[in-house]
Each structure stands twice: as C-alpha cells, then as structure tokens.
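Q: To start, I am sharing the structure in question, which I have written as structure tokens.
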Amino acid sequence: MRLFENEDRISELHEALLVHIMSSLPTKTVVATSVLSKRWRHVWKTVQNLKFVSKYHQTFSEDVYRFFMLHKAPFLESLDLEFSNQLDASDLGILVGIAFARHVRNLVLDLDYYSNFSQLCAARFPSGLCIYDNSKTLETLTLKHSILLYFPSRVCLKSLRKLHLYKVHFYDEDSVCNLLCGCPSLRDLVVHRKRGCMVTFTIVVPSLQRLTIKDSGFGYGCCYVINAPSLKYLNIRRFKYLNSFLIEKAPKLEEAKVSDVFGIKNENILESLTAAKRLSLHLSPLEIKYPSGSIFHQLLSLELQTDKRKWWNLLTLMLEASPKLQILKLTDLNMSSTKGNQIGQKWIQPKCVPECLLFHLETFVWTGYEWQRRDEKEVARYILRNTTSLKKATFSTKPIEPVKLKVFKKRREILNELASLGRASNPSDFVFESI
C-alpha cells in the first residue's frame, strides 16, 4: 500500500470552499496562510467573515487599515471588532465607516475596557453614518459595553433586522427613540441595560417580533413603555423597584418569559400576556399584579418557578384562567428539607375543578418536589386526582443519602401513592416517572 506523505490535499479544493473554511478561522490566522504557497497568497483577500481583537497595542487601527487596503471581497458577511483599551477605540468612527463602505451585513463592536460606569470614557458611535442610509446592507448590529449612543435625529437603518445592545450608554431618551424609530424592518431587539440610565426607556417598533430586556439591578424611578403589536416572543428579567412597566396589547404573542420582577409601582405585565401560548413565570403574585377577570385563552404550556414558596395563589389563578392548558411545569428552585407546612403557605383548592385539568392537561412535571411538605403533597394529589387526559407525570425530588433507608422508603410510598392517583383517573397509557 502506497503512502502519500506531505501531500497537500487541501490546496486542491475549489477556491470558494477554501474561502468558506477560512471564514471560520481567526483573521490573523487567515492572513498567515498567504505564506503557504502561491495558491494561498491571495485567498485570504476574499474572506467575508472577519474578526479583529485589540490586545493593548497602539497599531491596532493601522493594522486594520492595511488589511482593508489589500482586501478584495465585494461585501462583508460579518465584521467583529473587539477593543481592549480606550486608545485603540479612538478611531471607532473611521472603522465603522470602512465597514459600511464594504457593505457589511453583520457588525459587532465590543469596547470592554473596564469603564462601564462612565460616559466620559465611552467611545461615541458615529451616528452621522446612520442618517443618510449609508448602511443599506446592515442586517445585524451588536454593540457592547463602553459605547455612547447619541442620535440627535432619526437614523436610517432600513435593512436592520437584529439589534443587540449590551450595557451601552445612551446619551438621552431621545436617542433611544431616534434609533428605534429609524429601523422599520427590526425584528429582534435585545437590551441589557446599565444602572443609572435615563428615566424613561420607550420602545415603539411596529415590526418587532422578539424582545429581550434585562435590567442591571435596582431601577428606582425608571419607567418602561413598550408598544410592539407584532411581538411574538418576550423575555424580561431583573426589574426591581421601577416606577412603571407598561406594555401595550400584544395580540400575536406566542411565548413569554418573566423572571425576577418585583417592586414595580405601576405595571400591567401579566395583563399584556393573555394571548401567549407558552408562558414561563419566575415570580410571585405578591410581587406582581394579577389582572382580575383575565383569561389566557390560548395558553398551552405554563412553567412556574419559585424560590420563595409563594406560588400557590398564582398557581390556582393560572389554572382557573387557562382552559386549554396542556403542559404544566412546576420548578422549586429552593429545595430545602423543611418538613411540614409553614405559616401562610396553605394550599387553597379552587372552588371548581379547572377546565384544563378536566379536559386538556397531558403533561405534568414537578422539579424539586418536596414530598415531606403537606402543602406540596396536597397540590400534587389534587392535580393527579382531577385530571382525565394526563399522559405523563414526572416528579424529581431532592436526593436522599443511602444510609437514610427509612426516609427513602417513606418517599417511595408517597410517590407510589401519586402514581396510583394518576393511573386511577387517566387513560391506560398514563406514564408516571420519579427521578
């Protein structure tokens, strides 16, 4: 058998395939391939996915300029610029101008040089380049850390579909409006806000379909106003002690996640989610206003998470208000070993068995089930006893040390009882799992 040693098989590939392979490599490595052979000398010049990382040297901008002087690709699929110090970021406007001139589609700017709490050290994004539709090809824009966004007039980013803002600085409230109002095709917006931002954060985007907002802590005096009638996905996290959080009706909403929200003086969060088909809530009815009389007509999947044992009232309300519910997931994030019941934790059964239990619930999952607690046993028994269409129930409990044989047997008895209840009231193909 003949062995082919040192045979250059990769150079025989078609140039388009070589460019595709090189697009997944660091740009510095891509340029280094030019010394391999004559065939490789010019391949790097047509790579369309580029990433430059500043490593505390003063020639970063010059190196990028020289690269683009030789680069021949007609457009850029993606450009990622990461700055490690303020000096390298001083030419941010010129570099963004080059990206726009090369018809970039996906642009990432990350200025992470430990000045996240001061606008004085932030580099200003070149707003002038966004006014006259100079970026006709830009579809995704990601801005991170020490970037100051000042838009005195409305931008013109007609092709922008995704906008991700991670702890950037907004000069004022008008800058937010002028940015978002100038993105008529925007579909996906992610905002991770810093502390000490402007008082009111307004999002009015008729085309928006996905919205994720995470606040960086306590927002005393802050307000949110959201108007996105085309919204299909909503994820909000860490909103504490706001003045208000108001959402206009979202009739097309399919999925929503709400977690770590409390202390808001004026809010309509749950009321705005009544059209959702999938809902995940990590909160308590003591921390958020439940809209009286609201019905979640389209809700098929509900997940409730808690670490404070205050969810019984919310669970009852949601079961009564979700007639078509098919999937119910309960997650206890605080798997303590407390026995019995505690004051204020009593489970109050609904006056009438909820419609979803009688006709529609098919999957029931309880993660962190505390089988020793009286209230949790009552809830589990009630749900399993009153379902008629349940196909599968899964209970996971806190691990027990092997030496505690009596405790292990007692847990087994409780879980066997729950399994029997489920089998007695549901179809013959009902499956009960305990983990």
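The way I read the labels, and the way they are meant: chains A, B, ... in the order of the structure tokens, residue 1 as the first residue of every chain, and ligand 1 as the first ligand shown, with later ones counted on from there.
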Name the residues of region 46-284 of chain A that fall into strand (DSSP E or B) according to DSSP on the backbone, using the chain letters and numbers of this document, as a ChimeraX atom specification.
A: /A:49-53,78-83,106-111,123-124,140-145,147-149,162-166,169-170,188-192,200-204,210-218,223-227,233-240,244-247,255-262,266-267,278-282
Q: Excluding Ile236 (chain A) and any residue of its chain fewer than 4 positions from it, enumerate the residues within 6 Å of it, using only C-alpha atoms, and give them as a PyMOL selection string.
A: chain A and resi 212-214+258
Q: Taking the chain letters and numbering used in this document, name the residues of region 171-337 of chain A that DSSP puts in helix (DSSP H, G or I), as number ranges by chain.
A: A: 173-180, 270-273, 312-320
Q: So that I can see what lies close to region 271-286 of chain A, please list as a ChimeraX atom specification the residues with an atom at most 8 Å from it, counting only C-alpha atoms and leaving out residues fewer than 3 positions away in the same chain.
A: /A:247-262,268,289-291,294-306,310-311,313-314
Q: For those residues, write N, CA, C and O atoms to a file as a CSV table (one decimal), in the first residue's frame.
A:
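Listed below is the output, result_16.csv:
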```csv
chain,number,residue,atom,x,y,z
A,247,ILE,N,-46.9,47.7,29.0
A,247,ILE,CA,-46.8,47.1,27.7
A,247,ILE,C,-48.2,47.2,27.0
A,247,ILE,O,-49.2,46.8,27.6
A,248,GLU,N,-48.2,47.6,25.8
A,248,GLU,CA,-49.4,47.6,25.0
A,248,GLU,C,-49.8,46.2,24.7
A,248,GLU,O,-49.0,45.3,24.7
A,249,LYS,N,-51.0,46.0,24.3
A,249,LYS,CA,-51.5,44.7,24.0
A,249,LYS,C,-50.7,44.1,22.9
A,249,LYS,O,-50.3,44.7,21.9
A,250,ALA,N,-50.4,42.8,23.1
A,250,ALA,CA,-49.6,42.1,22.0
A,250,ALA,C,-50.4,40.9,21.5
A,250,ALA,O,-50.2,39.7,22.0
A,251,PRO,N,-51.3,41.1,20.6
A,251,PRO,CA,-52.2,40.1,20.2
A,251,PRO,C,-51.6,38.9,19.5
A,251,PRO,O,-52.2,37.8,19.4
A,252,LYS,N,-50.3,39.0,19.0
A,252,LYS,CA,-49.7,37.9,18.2
A,252,LYS,C,-48.7,37.2,19.1
A,252,LYS,O,-47.9,36.3,18.6
A,253,LEU,N,-48.6,37.5,20.4
A,253,LEU,CA,-47.6,36.9,21.3
A,253,LEU,C,-47.8,35.4,21.4
A,253,LEU,O,-48.9,34.9,21.6
A,254,GLU,N,-46.7,34.7,21.2
A,254,GLU,CA,-46.7,33.2,21.3
A,254,GLU,C,-46.0,32.7,22.5
A,254,GLU,O,-46.4,31.7,23.1
A,255,GLU,N,-44.9,33.4,22.9
A,255,GLU,CA,-44.1,32.9,24.1
A,255,GLU,C,-43.6,34.1,24.9
A,255,GLU,O,-43.2,35.1,24.4
A,256,ALA,N,-43.7,33.9,26.2
A,256,ALA,CA,-43.2,35.0,27.1
A,256,ALA,C,-42.5,34.4,28.3
A,256,ALA,O,-43.0,33.3,28.9
A,257,LYS,N,-41.4,35.0,28.8
A,257,LYS,CA,-40.7,34.6,30.0
A,257,LYS,C,-40.6,35.8,30.9
A,257,LYS,O,-40.0,36.9,30.4
A,258,VAL,N,-41.0,35.7,32.1
A,258,VAL,CA,-40.9,36.8,33.1
A,258,VAL,C,-40.2,36.3,34.3
A,258,VAL,O,-40.7,35.3,34.9
A,259,SER,N,-39.1,36.9,34.7
A,259,SER,CA,-38.4,36.4,35.9
A,259,SER,C,-37.8,37.5,36.7
A,259,SER,O,-37.4,38.6,36.2
A,260,ASP,N,-37.7,37.3,38.0
A,260,ASP,CA,-37.1,38.2,39.0
A,260,ASP,C,-37.6,39.7,38.8
A,260,ASP,O,-36.9,40.6,38.6
A,261,VAL,N,-38.9,39.8,38.9
A,261,VAL,CA,-39.6,41.1,38.8
A,261,VAL,C,-40.4,41.4,40.1
A,261,VAL,O,-41.2,40.5,40.5
A,262,PHE,N,-40.1,42.5,40.7
A,262,PHE,CA,-40.9,42.9,41.9
A,262,PHE,C,-40.7,44.4,42.2
A,262,PHE,O,-39.8,45.0,41.7
A,268,ASN,N,-48.5,46.3,34.1
A,268,ASN,CA,-49.5,45.5,33.5
A,268,ASN,C,-49.0,44.3,32.8
A,268,ASN,O,-49.4,43.9,31.8
A,289,LYS,N,-48.9,42.3,39.8
A,289,LYS,CA,-50.3,42.4,39.8
A,289,LYS,C,-51.0,41.4,38.9
A,289,LYS,O,-50.6,41.3,37.8
A,290,TYR,N,-51.9,40.6,39.5
A,290,TYR,CA,-52.6,39.7,38.7
A,290,TYR,C,-53.9,40.4,38.2
A,290,TYR,O,-54.7,40.9,39.0
A,291,PRO,N,-54.1,40.4,36.9
A,291,PRO,CA,-55.3,41.1,36.3
A,291,PRO,C,-56.6,40.3,36.6
A,291,PRO,O,-56.8,39.2,36.1
A,294,SER,N,-59.0,38.2,33.8
A,294,SER,CA,-58.3,37.9,32.6
A,294,SER,C,-58.3,36.4,32.3
A,294,SER,O,-58.1,35.6,33.3
A,295,ILE,N,-58.4,36.0,31.1
A,295,ILE,CA,-58.4,34.7,30.7
A,295,ILE,C,-57.3,34.4,29.7
A,295,ILE,O,-57.2,35.1,28.7
A,296,PHE,N,-56.5,33.4,29.9
A,296,PHE,CA,-55.4,33.1,29.0
A,296,PHE,C,-56.0,32.0,28.0
A,296,PHE,O,-55.6,30.8,28.1
A,297,HIS,N,-56.8,32.4,27.1
A,297,HIS,CA,-57.5,31.5,26.2
A,297,HIS,C,-56.6,30.6,25.3
A,297,HIS,O,-57.0,29.5,25.0
A,298,GLN,N,-55.4,31.2,24.9
A,298,GLN,CA,-54.5,30.4,24.0
A,298,GLN,C,-53.4,29.7,24.7
A,298,GLN,O,-52.7,29.0,24.1
A,299,LEU,N,-53.3,29.8,26.0
A,299,LEU,CA,-52.2,29.2,26.7
A,299,LEU,C,-52.2,27.7,26.7
A,299,LEU,O,-53.1,27.1,27.2
A,300,LEU,N,-51.1,27.1,26.2
A,300,LEU,CA,-51.0,25.7,26.1
A,300,LEU,C,-49.9,25.1,27.1
A,300,LEU,O,-50.0,24.0,27.5
A,301,SER,N,-48.9,25.9,27.4
A,301,SER,CA,-47.8,25.5,28.2
A,301,SER,C,-47.5,26.5,29.3
A,301,SER,O,-47.3,27.7,28.9
A,302,LEU,N,-47.4,26.1,30.5
A,302,LEU,CA,-47.2,27.0,31.6
A,302,LEU,C,-46.1,26.5,32.5
A,302,LEU,O,-46.1,25.3,32.9
A,303,GLU,N,-45.0,27.3,32.8
A,303,GLU,CA,-44.0,26.9,33.7
A,303,GLU,C,-43.9,27.9,34.8
A,303,GLU,O,-43.8,29.1,34.6
A,304,LEU,N,-44.0,27.5,36.1
A,304,LEU,CA,-43.9,28.3,37.2
A,304,LEU,C,-42.6,28.0,38.0
A,304,LEU,O,-42.4,26.8,38.3
A,305,GLN,N,-41.8,29.0,38.3
A,305,GLN,CA,-40.6,28.8,39.0
A,305,GLN,C,-40.6,29.7,40.3
A,305,GLN,O,-41.1,30.8,40.2
A,306,THR,N,-40.1,29.2,41.4
A,306,THR,CA,-40.1,30.0,42.6
A,306,THR,C,-39.0,29.5,43.5
A,306,THR,O,-38.6,28.3,43.5
A,310,LYS,N,-44.2,31.0,47.4
A,310,LYS,CA,-45.3,31.9,47.4
A,310,LYS,C,-46.2,31.7,46.1
A,310,LYS,O,-46.9,32.6,45.7
A,311,TRP,N,-46.1,30.5,45.5
A,311,TRP,CA,-46.7,30.4,44.2
A,311,TRP,C,-48.1,29.7,44.3
A,311,TRP,O,-48.8,29.6,43.2
A,313,ASN,N,-51.1,30.6,45.3
A,313,ASN,CA,-52.2,31.5,44.9
A,313,ASN,C,-52.1,31.7,43.4
A,313,ASN,O,-53.1,31.7,42.7
A,314,LEU,N,-50.8,32.0,42.9
A,314,LEU,CA,-50.6,32.2,41.5
A,314,LEU,C,-51.0,30.9,40.7
A,314,LEU,O,-51.6,31.0,39.6
```
Q: Show which residues sit within 6 Å of Ala419 (chain A), as a PyMOL selection string. Count only C-alpha atoms, and ignore same-chain residues fewer than 3 positions away.
A: chain A and resi 416+422+432
